[in-house]
Every structure is written in C-alpha cells, then in structure tokens.
$ cat model36.cif   # mmCIF, C-alpha atoms
data_input
#
loop_
_atom_site.label_atom_id
_atom_site.label_comp_id
_atom_site.auth_asym_id
_atom_site.auth_seq_id
_atom_site.Cartn_x
_atom_site.Cartn_y
_atom_site.Cartn_z
CA MET A 23 100.83 110.59 53.05
CA GLU A 24 97.74 112.39 51.79
CA ASP A 25 97.49 112.99 48.04
CA PHE A 26 97.54 116.79 48.05
CA GLN A 27 96.92 117.06 44.30
CA ALA A 28 93.62 115.18 44.71
CA ILE A 29 92.55 117.72 47.32
CA LEU A 30 93.76 120.73 45.34
CA SER A 31 91.92 119.50 42.26
CA GLN A 32 88.74 120.31 44.18
CA TYR A 33 89.85 123.95 43.96
CA GLN A 34 91.13 123.73 40.36
CA VAL A 35 94.68 124.26 41.63
CA ASN A 36 97.60 122.38 40.07
CA LEU A 37 100.30 121.44 42.57
CA GLU A 38 103.91 122.19 41.65
CA PHE A 39 105.51 121.86 45.06
CA ALA A 40 104.32 121.38 48.65
CA GLU A 41 106.31 122.63 51.63
CA GLN A 42 105.40 121.38 55.12
CA HIS A 43 105.46 124.32 57.53
CA SER A 44 103.96 122.54 60.55
CA PRO A 45 102.25 119.20 61.19
CA ARG A 46 98.96 120.69 60.00
CA LEU A 47 100.00 123.44 57.57
CA VAL A 48 101.31 123.00 54.02
CA LYS A 49 102.49 125.80 51.75
CA VAL A 50 101.32 125.08 48.21
CA TYR A 51 103.11 126.42 45.12
CA SER A 52 101.10 126.35 41.90
CA PRO A 53 100.61 128.22 38.61
CA GLN A 54 97.45 129.67 40.15
CA GLY A 55 99.38 131.20 43.06
CA THR A 56 100.71 130.33 46.50
CA PHE A 57 98.25 128.89 49.01
CA ALA A 58 98.03 127.63 52.58
CA LEU A 59 96.43 124.19 52.94
CA LYS A 60 95.38 123.53 56.53
CA THR A 61 94.44 120.18 58.05
CA LEU A 62 91.29 119.96 60.17
CA ARG A 63 90.53 117.35 62.76
CA PRO A 64 87.42 115.39 61.69
CA SER A 65 85.63 116.39 64.92
CA ARG A 66 85.95 120.07 63.97
CA ALA A 67 85.18 119.90 60.25
CA ASP A 68 81.40 120.47 60.28
CA ARG A 69 81.44 123.00 63.09
CA PHE A 70 84.32 124.92 61.51
CA ALA A 71 82.40 125.54 58.29
CA ASP A 72 79.24 126.58 60.15
CA ARG A 73 81.10 128.99 62.39
CA VAL A 74 83.09 130.57 59.59
CA ARG A 75 79.84 131.17 57.69
CA SER A 76 78.28 132.72 60.82
CA VAL A 77 81.24 135.07 61.27
CA TYR A 78 81.13 136.09 57.60
CA ASP A 79 77.35 136.61 57.76
CA ALA A 80 77.79 138.91 60.76
CA GLY A 81 79.90 141.19 58.57
CA TYR A 82 83.29 140.45 60.09
CA THR A 83 85.71 140.84 57.18
CA SER A 84 89.12 140.53 58.84
CA LEU A 85 89.02 136.76 58.81
CA VAL A 86 91.54 135.52 56.26
CA PRO A 87 89.64 134.46 53.09
CA ILE A 88 88.82 130.76 52.91
CA TYR A 89 88.24 129.42 49.41
CA ARG A 90 85.25 127.29 48.46
CA ASN A 91 85.85 124.13 46.49
CA ILE A 92 84.13 123.32 43.18
CA ASN A 93 81.12 122.06 45.15
CA GLY A 94 80.81 125.34 47.04
CA HIS A 95 82.07 123.91 50.35
CA LEU A 96 84.56 125.53 52.70
CA VAL A 97 85.95 122.16 53.82
CA THR A 98 87.21 119.34 51.60
CA ALA A 99 87.47 115.70 52.65
CA GLY A 100 90.67 113.82 51.86
CA SER A 101 91.27 110.11 52.32
CA GLU A 102 92.68 110.69 55.81
CA ASN A 103 91.65 114.15 57.04
CA TYR A 104 89.68 117.28 56.19
CA TYR A 105 91.21 120.42 54.71
CA TYR A 106 90.58 124.06 53.92
CA LEU A 107 92.46 126.36 51.55
CA MET A 108 93.54 129.96 52.08
CA PRO A 109 95.83 132.42 50.29
CA TRP A 110 99.40 132.30 51.57
CA LEU A 111 99.97 135.71 53.16
CA PRO A 112 103.61 136.84 53.29
CA ASP A 113 103.30 138.53 56.70
CA SER A 114 106.21 140.82 55.86
CA GLN A 115 105.01 143.58 58.18
CA ALA A 116 107.78 144.42 60.66
CA ASP A 117 105.64 146.20 63.24
CA GLU A 118 106.48 146.61 66.90
CA ARG A 119 105.34 144.05 69.46
CA SER A 120 102.81 146.41 71.07
CA ALA A 121 101.40 147.55 67.71
CA ARG A 122 100.63 143.99 66.68
CA HIS A 123 99.04 143.28 70.05
CA ASP A 124 96.96 146.46 69.77
CA TYR A 125 95.67 145.23 66.43
CA LEU A 126 94.91 141.81 67.90
CA PHE A 127 92.81 143.29 70.70
CA LYS A 128 91.03 145.71 68.35
CA GLU A 129 90.12 142.81 66.07
CA ALA A 130 88.99 140.67 69.00
CA ALA A 131 86.74 143.52 70.12
CA LYS A 132 85.41 143.95 66.57
CA LEU A 133 84.70 140.23 66.21
CA HIS A 134 82.88 140.15 69.55
CA ARG A 135 80.95 143.35 68.85
CA GLN A 136 79.72 142.24 65.43
CA THR A 137 78.62 138.79 66.58
CA VAL A 138 77.24 139.70 70.02
CA LYS A 139 73.95 138.21 71.07
CA GLN A 140 71.93 138.46 74.26
CA VAL A 141 70.89 135.08 75.62
CA LYS A 142 68.29 134.40 78.28
CA ILE A 143 69.58 133.27 81.65
CA THR A 144 67.45 132.38 84.65
CA GLY A 145 68.02 133.22 88.28
CA GLU A 146 68.44 129.52 89.01
CA GLU A 147 71.21 129.20 86.40
CA MET A 148 73.08 132.20 87.80
CA LYS A 149 72.70 130.90 91.34
CA ALA A 150 73.98 127.47 90.32
CA THR A 151 77.01 129.01 88.58
CA TYR A 152 77.81 131.15 91.60
CA GLU A 153 77.33 128.42 94.19
CA THR A 154 79.27 125.81 92.22
CA ALA A 155 82.28 128.09 91.74
CA ARG A 156 82.25 129.33 95.33
CA LYS A 157 81.93 125.82 96.76
CA GLN A 158 84.82 124.54 94.66
CA TRP A 159 87.06 127.48 95.57
CA GLU A 160 86.31 127.23 99.28
CA GLU A 161 86.92 123.48 99.25
CA GLN A 162 90.29 123.94 97.54
CA LYS A 163 91.27 126.61 100.05
CA GLN A 164 90.30 124.30 102.90
CA ALA A 165 92.24 121.39 101.39
CA TYR A 166 95.34 123.58 101.06
CA GLU A 167 94.96 124.72 104.67
CA GLN A 168 94.72 121.13 105.85
CA TYR A 169 97.84 120.26 103.86
CA VAL A 170 99.72 123.13 105.53
CA GLU A 171 98.56 122.07 108.99
CA LYS A 172 99.79 118.53 108.27
CA CYS A 173 103.18 119.87 107.13
CA GLU A 174 103.58 122.05 110.22
CA LYS A 175 103.24 119.01 112.48
CA GLN A 176 106.31 117.42 110.92
CA TRP A 177 109.85 117.75 112.26
CA TYR A 178 111.29 118.12 108.80
CA LEU A 179 109.76 119.65 105.67
CA SER A 180 110.83 118.73 102.18
CA PRO A 181 111.72 121.64 99.86
CA PHE A 182 108.33 121.24 98.15
CA GLU A 183 106.44 121.25 101.45
CA LEU A 184 108.34 124.32 102.64
CA GLN A 185 107.45 126.20 99.46
CA ALA A 186 103.81 125.14 99.71
CA VAL A 187 103.60 126.36 103.31
CA THR A 188 105.26 129.65 102.35
CA TYR A 189 102.79 130.33 99.53
CA TYR A 190 99.65 129.48 101.50
CA THR A 191 98.85 132.90 102.96
CA GLU A 192 99.02 134.65 99.58
CA THR A 193 96.95 131.89 98.00
CA ALA A 194 94.25 132.15 100.67
CA ARG A 195 94.05 135.94 100.35
CA ALA A 196 93.78 135.74 96.56
CA THR A 197 90.99 133.17 96.92
CA ASP A 198 89.07 135.43 99.31
CA PHE A 199 89.44 138.30 96.85
CA ALA A 200 88.24 136.15 93.94
CA ILE A 201 85.20 135.06 95.95
CA GLU A 202 84.49 138.69 96.84
CA LYS A 203 84.47 139.62 93.15
CA LEU A 204 82.34 136.56 92.35
CA GLU A 205 79.80 137.77 94.93
CA GLU A 206 79.86 141.23 93.34
CA TRP A 207 79.07 139.67 89.97
CA TYR A 208 76.26 137.56 91.43
CA GLU A 209 74.65 140.55 93.15
CA SER A 210 74.75 142.58 89.92
CA MET A 211 73.25 139.69 87.93
CA LYS A 212 70.21 139.41 90.20
CA GLU A 213 68.69 142.29 88.25
CA LYS A 214 69.50 140.73 84.87
CA ASP A 215 67.78 138.07 82.82
CA THR A 216 70.23 138.04 79.88
CA ALA A 217 73.95 137.65 79.32
CA ARG A 218 76.17 138.45 76.33
CA THR A 219 77.72 135.85 74.08
CA SER A 220 79.75 136.31 70.90
CA TYR A 221 81.74 134.23 68.51
CA ILE A 222 85.16 134.10 70.10
CA HIS A 223 88.37 133.20 68.30
CA GLY A 224 89.27 130.52 70.83
CA SER A 225 93.04 130.91 70.47
CA LEU A 226 93.98 134.60 70.46
CA SER A 227 97.66 135.10 69.71
CA VAL A 228 99.80 137.52 67.73
CA GLN A 229 100.95 134.45 65.83
CA HIS A 230 97.46 134.43 64.34
CA VAL A 231 97.81 137.98 62.95
CA VAL A 232 99.09 138.15 59.36
CA TYR A 233 99.39 140.83 56.69
CA ASP A 234 98.98 140.71 52.93
CA SER A 235 101.19 142.51 50.41
CA ASN A 236 99.08 145.66 50.82
CA GLU A 237 99.65 145.57 54.59
CA LYS A 238 96.01 144.72 55.27
CA SER A 239 95.70 142.71 58.48
CA TYR A 240 93.86 139.44 58.96
CA LEU A 241 93.17 136.96 61.73
CA ILE A 242 93.78 133.30 60.97
CA ASN A 243 93.12 129.96 62.67
CA PHE A 244 89.42 130.07 63.54
CA GLU A 245 89.32 126.32 64.14
CA LYS A 246 88.48 126.75 67.83
CA ALA A 247 85.94 129.51 67.24
CA HIS A 248 82.67 129.07 69.11
CA ARG A 249 79.96 131.07 70.82
CA ALA A 250 80.80 131.97 74.42
CA PRO A 251 81.08 135.00 76.74
CA PRO A 252 83.41 137.51 75.02
CA MET A 253 85.72 137.67 78.04
CA ASN A 254 86.74 134.04 77.46
CA ASP A 255 89.04 135.10 74.62
CA LEU A 256 90.83 137.54 76.92
CA LEU A 257 91.05 135.08 79.79
CA GLN A 258 92.64 132.48 77.52
CA PHE A 259 95.09 135.04 76.13
CA TYR A 260 96.24 136.21 79.56
CA TYR A 261 96.48 132.67 80.90
CA LYS A 262 99.03 131.92 78.17
CA THR A 263 100.81 135.29 78.42
CA PHE A 264 101.41 135.16 82.17
CA TYR A 265 102.61 131.56 82.28
CA THR A 266 106.26 132.59 82.04
CA TYR A 267 109.13 133.99 84.10
CA PRO A 268 108.34 136.87 86.51
CA ILE A 269 107.27 140.00 84.63
CA ARG A 270 105.37 143.22 85.24
CA CYS A 271 103.54 143.63 81.96
CA GLU A 272 102.36 147.24 81.68
CA GLU A 273 101.67 146.61 78.00
CA CYS A 274 99.21 143.91 79.00
CA VAL A 275 97.16 146.56 80.79
CA ASP A 276 97.29 148.83 77.72
CA TRP A 277 96.10 145.99 75.48
CA PHE A 278 93.20 145.30 77.82
CA TYR A 279 92.03 148.91 77.63
CA THR A 280 92.49 148.94 73.85
CA TYR A 281 89.84 146.20 73.87
CA GLN A 282 87.66 148.16 76.31
CA LYS A 283 87.68 151.24 74.07
CA ASN A 284 86.35 149.17 71.18
CA PHE A 285 83.99 146.84 73.03
CA PRO A 286 83.68 147.65 76.74
CA PHE A 287 82.64 145.03 79.25
CA ALA A 288 79.15 145.35 80.64
CA LYS A 289 79.11 146.53 84.25
CA GLU A 290 78.50 143.04 85.59
CA GLU A 291 81.21 141.44 83.42
CA MET A 292 84.19 143.27 84.93
CA PRO A 293 83.99 141.69 88.42
CA LEU A 294 83.55 138.23 86.90
CA PHE A 295 86.60 138.72 84.67
CA ILE A 296 88.66 139.88 87.66
CA SER A 297 87.35 137.01 89.77
CA TYR A 298 88.39 134.34 87.27
CA LEU A 299 91.81 135.88 86.70
CA SER A 300 92.61 136.43 90.38
CA TYR A 301 91.65 132.93 91.52
CA PRO A 302 94.97 131.07 92.10
CA GLU A 303 94.01 127.87 90.29
CA SER A 304 97.60 127.23 89.21
CA LEU A 305 98.84 127.06 92.81
CA TYR A 306 96.05 124.78 93.95
CA ARG A 307 96.74 122.48 91.02
CA ALA A 308 100.47 122.37 91.78
CA VAL A 309 100.00 121.69 95.51
CA LEU A 310 96.92 119.48 95.57
CA SER A 311 96.96 117.50 92.31
CA PRO A 312 97.95 113.84 92.62
CA ASP A 313 101.01 112.57 90.79
CA ARG A 314 100.53 112.45 87.04
CA ASP A 315 99.15 109.18 85.66
CA GLY A 316 99.59 107.51 89.04
CA ARG A 317 103.37 107.75 88.72
CA SER A 318 105.55 109.29 91.37
CA THR A 319 106.85 112.73 90.38
CA SER A 320 110.32 113.70 91.55
CA GLN A 321 110.76 116.37 94.21
CA LEU A 322 112.74 118.40 91.71
CA GLN A 323 109.94 118.37 89.15
CA LYS A 324 107.29 119.14 91.77
CA ASN A 325 109.34 122.10 92.95
CA LYS A 326 109.74 123.37 89.39
CA ASP A 327 106.01 123.06 88.77
CA LEU A 328 105.19 124.90 92.00
CA ILE A 329 107.64 127.72 91.30
CA LYS A 330 106.22 128.17 87.78
CA ALA A 331 102.71 128.24 89.23
CA TYR A 332 103.81 130.91 91.71
CA TRP A 333 105.40 133.00 88.99
CA TYR A 334 102.18 132.80 87.00
CA PHE A 335 100.22 133.78 90.10
CA LYS A 336 102.37 136.86 90.74
CA ASN A 337 102.30 137.95 87.09
CA ASN A 338 98.55 137.63 87.16
CA GLU A 339 98.28 139.43 90.50
CA TYR A 340 100.11 142.50 89.19
CA PHE A 341 97.83 142.72 86.16
CA VAL A 342 94.67 142.26 88.24
CA MET A 343 95.70 144.92 90.76
CA ARG A 344 96.43 147.39 87.95
CA ILE A 345 92.98 146.78 86.48
CA VAL A 346 91.31 147.08 89.89
CA ASP A 347 93.13 150.36 90.63
CA THR A 348 92.17 151.78 87.24
CA GLU A 349 88.53 150.78 87.62
CA ASN A 350 88.35 152.21 91.16
CA LYS A 351 89.73 155.54 89.93
CA LYS A 352 87.22 155.61 87.07
CA ASN A 353 84.35 154.92 89.46
CA ALA A 354 85.55 157.62 91.87
CA GLU A 355 85.78 160.16 89.05
CA ALA A 356 82.30 159.24 87.83
CA GLN A 357 80.85 159.81 91.31
CA ALA A 358 82.70 163.11 91.87
#

$ encode --input "model36.cif" --output "structure tokens"
Amino acid sequence: MEDFQAILSQYQVNLEFAEQHSPRLVKVYSPQGTFALKTLRPSRADRFADRVRSVYDAGYTSLVPIYRNINGHLVTAGSENYYYLMPWLPDSQADERSARHDYLFKEAAKLHRQTVKQVKITGEEMKATYETARKQWEEQKQAYEQYVEKCEKQWYLSPFELQAVTYYTETARATDFAIEKLEEWYESMKEKDTARTSYIHGSLSVQHVVYDSNEKSYLINFEKAHRAPPMNDLLQFYYKTFYTYPIRCEECVDWFYTYQKNFPFAKEEMPLFISYLSYPESLYRAVLSPDRDGRSTSQLQKNKDLIKAYWYFKNNEYFVMRIVDTENKKNAEAQA
C-alpha cells in the first residue's frame, strides 16, 4: 500500500488517520485539517494539471480548490501512483433533487461560457464528419433490415428475434429523423468556418456537486476534463440518465433549458445535439453486436440487454420530442 504520509509530507500535512472512501479516494485526518487525497491514473497526471490550470486561468472559480505541494505542483508522484489534495467538503446541504441538478447545469454552462473558444473548421472537415456519420447510420439501418428479413423467413422466432423484429420500425424511423437533423446541421454549417469548443467536465453528475460549511457549491472530479464541443457534457449526462427503467423525465427538460438560459446553443448546434441523442445506437448495438469476447451469450441475457436498450431508446425519445416541440414553438413565435 502507498505510504500516504510520504505524499502528505509534500503538502506539510501530518497524517493522523486515513479512511478509504473509494478505491481512489482517501479521507485524511490531520492536525492541519481534514483533506481528500485522490489517486490519478499516470496517463492523466500531466494533462490533469494543465487542464486545471487552464480552467483556473479562465476565471472559473467553482472548481473545488486543489492544493499545490511544496514544489508548487498540483500533482504529486507517489511510489505507485499520482495524487492531488483537496479540502474535504462536508456536503451537508440537504437540497432537493431538482435544485442540485439546476446548480449542476448552471455550473456546466458557466464553465463552458468562460472557457469557450472558436476554432477554425474547413468545409472538407464538416463534409467528412457529415458523410461519415450518415454512412455509418445508413449501413446500420440496412444491416438491421436484413436481419429482420432473415428472421421473417423462419418458421419459428426465438424470443430475442421476435423482440428485434418488433422494434425495427421504430428504430428505422428514429434513424431517419436523426439523419434529417444531421442534414439540417450540415446545411447550416456550410455558411460557417468556425465551431465552438470549451473545457468540458467530462463526467457531469450531481455526485460531483459538493458544498462547504458556508453552503458554497463546488464541482469536483475534473480528471476527465478536456476541450471539446460544449454539448458533449450534456450528451454524456443524458446518456447516463436515460439508461434506466422507463421514465418520462420532465425535470430533464427543465434542466436542459436551465443550461440554455445561461449558455444557449448556437443555432447550428441544436440540430446536431438532437441528431446525436435521437439516433438509436443502443438498439443497433444490442441487435447487431457479436457475442461478447467471442463467447456465446444466453438468450436470457440477450433479451435483457435488448429490453434495456429499448427502455433507453424510449426515455430518450420522449426527451427529444419535448425539446423539438419546444424549439418549434419558439421558432413559430419568433416568426409571428
């Protein structure tokens, strides 16, 4: 086990007791206070320090403070791993679920707004992005159709095959809709020669919102932070949120528009966001992917995976349609 005192000595902290909270998080008790010591994968150590400095330099102050060691570095090397040290925040705030999510989306918008940068993009790059995505989506739709045609020629369908055939029509329609929105994005980008990027958190979650004793809020866990289109943070968040039992998440729509009030999408970004969310990747993966690791997967497990993929698809569909309806009404009002 790593010698935590040797690491903490780099911060002039004397260890009294260490409490393991997760495989990569240790709560440190010391005369100097209570701290959180976080383990970093070696592959992320250099980039983590650079990105944290970039976020600080941009004026974003809601990142939980990260202490520098006696050499002025944000990251400290141990004998086995790399580490960084933060204050241990009690997170005693007992706010409502929606309130914490509202804060999360406001902070995501603030982070993106303060680190936004326009990057040059050529017509050839946009065309390649569009054509690659469209080709892949059309090929997956065709492969699914061929699978259904093969199933329909059989006298008997397994439970998995029956489900796959049943879901095909909805999957095909969702794919057509996603391609339509992708085309809308491509047409709008023909007049552009730049695109927006920001530092994104990389793992948005209310679990990464904490409060100090004065009820000031912070975001933690910037280990996956990197520069990318701002919408990527939201896509990742909704991918995780909707991968659950069937729900109709009205709050999810509210959270999205909380973000829009603080950092609205550019006109061309909305159709691309809708396109990515509406594409039924989960269903294609469940139906068309080969057995894991070359091993045969049981019918029961394949059915479970397909049903979960369908639930995710329907949860996503409801959210997408609510966004589309809202945007259509806004556009109609603007033209009136």

$ closest_atom_pairs --input "model36.cif" --of "segment 258-281 of chain A" --to "segment 207-228 of chain A" --cutoff "12 Å" --atoms "all atoms listed in the file" --output "JSON lines"
{"residue": "A:Gln258", "atom": "CA", "partner": "A:Ser225", "partner_atom": "CA", "distance": 7.2}
{"residue": "A:Phe259", "atom": "CA", "partner": "A:Leu226", "partner_atom": "CA", "distance": 5.8}
{"residue": "A:Tyr260", "atom": "CA", "partner": "A:Leu226", "partner_atom": "CA", "distance": 9.5}
{"residue": "A:Tyr261", "atom": "CA", "partner": "A:Leu226", "partner_atom": "CA", "distance": 10.9}
{"residue": "A:Lys262", "atom": "CA", "partner": "A:Ser227", "partner_atom": "CA", "distance": 9.1}
{"residue": "A:Thr263", "atom": "CA", "partner": "A:Ser227", "partner_atom": "CA", "distance": 9.3}

$ closest_residue --input "model36.cif" --among "A:Gln27, A:Gln168, A:Ser297, A:Ser239" --to "Phe199 of chain A" --atoms "only C-alpha atoms"
A:Ser297

$ atom_distance --input "model36.cif" --atom1 "atom CA of Lys246 of chain A" --atom2 "atom CA of Arg66 of chain A"
8.1 Å

$ residues_around --input "model36.cif" --residues "segment 273-286 of chain A" --least-positions-apart "6" --cutoff "10 Å" --atoms "all atoms listed in the file" --output "list in words"
Arg119, Ser120, Ala121, His123, Asp124, Tyr125, Leu126, Phe127, Lys128, Glu129, Ala130, Ala131, Lys132, Leu133, His134, Arg135, Gln136, Pro252, Leu256, Tyr260, Thr263, Phe264, Met292, Tyr340, Phe341, Val342, Arg344, Ile345 and Thr348 of chain A

$ closest_residue --input "model36.cif" --among "A:Pro87, A:Pro64, A:Gly145, A:Gly81" --to "Tyr105 of chain A" --atoms "only C-alpha atoms"
A:Pro64

$ closest_residue --input "model36.cif" --among "A:Leu96, A:Ile201, A:Ala247, A:Leu47" --to "Glu153 of chain A" --atoms "all atoms listed in the file"
A:Ile201

$ atom_distance --input "model36.cif" --atom1 "atom CA of Asp327 of chain A" --atom2 "atom CA of Tyr190 of chain A"
15.6 Å

$ atom_distance --input "model36.cif" --atom1 "atom CA of Asn254 of chain A" --atom2 "atom CA of Ala194 of chain A"
24.5 Å

$ axis_aligned_box --input "model36.cif" --around "segment 160-178 of chain A" --padding-each-side "3 Å" --output "JSON"
{"center_x": 98.8, "center_y": 122.3, "center_z": 105.0, "size_x": 31.0, "size_y": 15.8, "size_z": 20.9}

$ resolve_selection --input "model36.cif" --expression "the PyMOL selection byres ((chain A and resi 339) around 12)" --output "count of residues only"
35

$ closest_residue --input "model36.cif" --among "A:Gly100, A:Pro109, A:Pro293, A:Pro312" --to "Ala28 of chain A" --atoms "all atoms listed in the file"
A:Gly100

$ resolve_selection --input "model36.cif" --expression "the PyMOL selection byres ((chain A and resi 39) around 10)" --output "PyMOL selection string"
chain A and resi 26-27+36-38+40-41+48-52+56

$ resolve_selection --input "model36.cif" --expression "the PyMOL selection byres ((chain A and resi 89) around 6)" --output "PyMOL selection string"
chain A and resi 88+90+107-108

$ decode --input "model36.cif" --residues "segment 68-100 of chain A" --atoms "N, CA and C atoms" --output "PDB file, in the first residue's frame"
ATOM      1  N   ASP A  68      -0.284  14.455 -16.142  1.00  0.00           N
ATOM      2  CA  ASP A  68       0.188  15.694 -16.764  1.00  0.00           C
ATOM      3  C   ASP A  68      -0.966  16.512 -17.329  1.00  0.00           C
ATOM      4  N   ARG A  69      -1.861  15.840 -18.030  1.00  0.00           N
ATOM      5  CA  ARG A  69      -2.975  16.563 -18.645  1.00  0.00           C
ATOM      6  C   ARG A  69      -3.908  17.156 -17.591  1.00  0.00           C
ATOM      7  N   PHE A  70      -4.078  16.452 -16.474  1.00  0.00           N
ATOM      8  CA  PHE A  70      -4.945  16.953 -15.417  1.00  0.00           C
ATOM      9  C   PHE A  70      -4.448  18.300 -14.902  1.00  0.00           C
ATOM     10  N   ALA A  71      -3.174  18.390 -14.595  1.00  0.00           N
ATOM     11  CA  ALA A  71      -2.617  19.636 -14.077  1.00  0.00           C
ATOM     12  C   ALA A  71      -2.763  20.772 -15.090  1.00  0.00           C
ATOM     13  N   ASP A  72      -2.471  20.494 -16.349  1.00  0.00           N
ATOM     14  CA  ASP A  72      -2.577  21.519 -17.390  1.00  0.00           C
ATOM     15  C   ASP A  72      -4.006  22.018 -17.533  1.00  0.00           C
ATOM     16  N   ARG A  73      -4.949  21.103 -17.491  1.00  0.00           N
ATOM     17  CA  ARG A  73      -6.347  21.484 -17.704  1.00  0.00           C
ATOM     18  C   ARG A  73      -6.919  22.223 -16.513  1.00  0.00           C
ATOM     19  N   VAL A  74      -6.524  21.820 -15.316  1.00  0.00           N
ATOM     20  CA  VAL A  74      -6.976  22.550 -14.132  1.00  0.00           C
ATOM     21  C   VAL A  74      -6.451  23.975 -14.166  1.00  0.00           C
ATOM     22  N   ARG A  75      -5.182  24.139 -14.532  1.00  0.00           N
ATOM     23  CA  ARG A  75      -4.614  25.496 -14.645  1.00  0.00           C
ATOM     24  C   ARG A  75      -5.371  26.314 -15.690  1.00  0.00           C
ATOM     25  N   SER A  76      -5.718  25.707 -16.814  1.00  0.00           N
ATOM     26  CA  SER A  76      -6.437  26.413 -17.874  1.00  0.00           C
ATOM     27  C   SER A  76      -7.812  26.867 -17.395  1.00  0.00           C
ATOM     28  N   VAL A  77      -8.497  26.007 -16.639  1.00  0.00           N
ATOM     29  CA  VAL A  77      -9.819  26.355 -16.119  1.00  0.00           C
ATOM     30  C   VAL A  77      -9.704  27.485 -15.100  1.00  0.00           C
ATOM     31  N   TYR A  78      -8.720  27.402 -14.211  1.00  0.00           N
ATOM     32  CA  TYR A  78      -8.480  28.489 -13.253  1.00  0.00           C
ATOM     33  C   TYR A  78      -8.167  29.795 -13.984  1.00  0.00           C
ATOM     34  N   ASP A  79      -7.291  29.725 -14.977  1.00  0.00           N
ATOM     35  CA  ASP A  79      -6.867  30.929 -15.706  1.00  0.00           C
ATOM     36  C   ASP A  79      -8.034  31.589 -16.431  1.00  0.00           C
ATOM     37  N   ALA A  80      -9.026  30.784 -16.810  1.00  0.00           N
ATOM     38  CA  ALA A  80     -10.195  31.340 -17.495  1.00  0.00           C
ATOM     39  C   ALA A  80     -11.146  32.046 -16.530  1.00  0.00           C
ATOM     40  N   GLY A  81     -10.858  31.965 -15.234  1.00  0.00           N
ATOM     41  CA  GLY A  81     -11.670  32.649 -14.248  1.00  0.00           C
ATOM     42  C   GLY A  81     -12.791  31.822 -13.672  1.00  0.00           C
ATOM     43  N   TYR A  82     -12.788  30.518 -13.936  1.00  0.00           N
ATOM     44  CA  TYR A  82     -13.818  29.655 -13.364  1.00  0.00           C
ATOM     45  C   TYR A  82     -13.414  29.308 -11.929  1.00  0.00           C
ATOM     46  N   THR A  83     -14.227  29.731 -10.968  1.00  0.00           N
ATOM     47  CA  THR A  83     -13.845  29.624  -9.556  1.00  0.00           C
ATOM     48  C   THR A  83     -14.639  28.582  -8.780  1.00  0.00           C
ATOM     49  N   SER A  84     -15.535  27.885  -9.436  1.00  0.00           N
ATOM     50  CA  SER A  84     -16.356  26.900  -8.725  1.00  0.00           C
ATOM     51  C   SER A  84     -15.773  25.499  -8.774  1.00  0.00           C
ATOM     52  N   LEU A  85     -14.558  25.393  -9.251  1.00  0.00           N
ATOM     53  CA  LEU A  85     -13.820  24.141  -9.162  1.00  0.00           C
ATOM     54  C   LEU A  85     -13.277  24.022  -7.746  1.00  0.00           C
ATOM     55  N   VAL A  86     -13.486  22.875  -7.111  1.00  0.00           N
ATOM     56  CA  VAL A  86     -13.022  22.712  -5.739  1.00  0.00           C
ATOM     57  C   VAL A  86     -11.522  23.004  -5.672  1.00  0.00           C
ATOM     58  N   PRO A  87     -11.051  23.755  -4.671  1.00  0.00           N
ATOM     59  CA  PRO A  87      -9.628  24.115  -4.600  1.00  0.00           C
ATOM     60  C   PRO A  87      -8.725  22.880  -4.575  1.00  0.00           C
ATOM     61  N   ILE A  88      -7.664  22.936  -5.339  1.00  0.00           N
ATOM     62  CA  ILE A  88      -6.662  21.864  -5.353  1.00  0.00           C
ATOM     63  C   ILE A  88      -5.361  22.467  -4.850  1.00  0.00           C
ATOM     64  N   TYR A  89      -4.795  21.868  -3.804  1.00  0.00           N
ATOM     65  CA  TYR A  89      -3.619  22.433  -3.167  1.00  0.00           C
ATOM     66  C   TYR A  89      -2.350  22.123  -3.965  1.00  0.00           C
ATOM     67  N   ARG A  90      -1.435  23.080  -3.930  1.00  0.00           N
ATOM     68  CA  ARG A  90      -0.112  22.853  -4.526  1.00  0.00           C
ATOM     69  C   ARG A  90       0.818  22.266  -3.464  1.00  0.00           C
ATOM     70  N   ASN A  91       1.712  21.413  -3.906  1.00  0.00           N
ATOM     71  CA  ASN A  91       2.681  20.856  -2.959  1.00  0.00           C
ATOM     72  C   ASN A  91       3.829  21.841  -2.730  1.00  0.00           C
ATOM     73  N   ILE A  92       4.818  21.466  -1.939  1.00  0.00           N
ATOM     74  CA  ILE A  92       5.890  22.391  -1.579  1.00  0.00           C
ATOM     75  C   ILE A  92       6.724  22.806  -2.785  1.00  0.00           C
ATOM     76  N   ASN A  93       6.588  22.067  -3.889  1.00  0.00           N
ATOM     77  CA  ASN A  93       7.295  22.429  -5.123  1.00  0.00           C
ATOM     78  C   ASN A  93       6.431  23.242  -6.073  1.00  0.00           C
ATOM     79  N   GLY A  94       5.208  23.574  -5.620  1.00  0.00           N
ATOM     80  CA  GLY A  94       4.314  24.386  -6.431  1.00  0.00           C
ATOM     81  C   GLY A  94       3.527  23.603  -7.463  1.00  0.00           C
ATOM     82  N   HIS A  95       3.508  22.264  -7.356  1.00  0.00           N
ATOM     83  CA  HIS A  95       2.826  21.431  -8.338  1.00  0.00           C
ATOM     84  C   HIS A  95       1.449  21.007  -7.831  1.00  0.00           C
ATOM     85  N   LEU A  96       0.519  20.841  -8.760  1.00  0.00           N
ATOM     86  CA  LEU A  96      -0.824  20.408  -8.409  1.00  0.00           C
ATOM     87  C   LEU A  96      -0.909  18.896  -8.217  1.00  0.00           C
ATOM     88  N   VAL A  97       0.040  18.176  -8.796  1.00  0.00           N
ATOM     89  CA  VAL A  97       0.037  16.714  -8.747  1.00  0.00           C
ATOM     90  C   VAL A  97       1.336  16.240  -8.094  1.00  0.00           C
ATOM     91  N   THR A  98       1.224  15.237  -7.245  1.00  0.00           N
ATOM     92  CA  THR A  98       2.386  14.688  -6.541  1.00  0.00           C
ATOM     93  C   THR A  98       2.553  13.216  -6.898  1.00  0.00           C
ATOM     94  N   ALA A  99       3.784  12.833  -7.209  1.00  0.00           N
ATOM     95  CA  ALA A  99       4.074  11.445  -7.559  1.00  0.00           C
ATOM     96  C   ALA A  99       4.358  10.636  -6.310  1.00  0.00           C
ATOM     97  N   GLY A 100       3.678   9.478  -6.181  1.00  0.00           N
ATOM     98  CA  GLY A 100       3.996   8.526  -5.138  1.00  0.00           C
ATOM     99  C   GLY A 100       4.840   7.414  -5.732  1.00  0.00           C
TER     100      GLY A 100
END
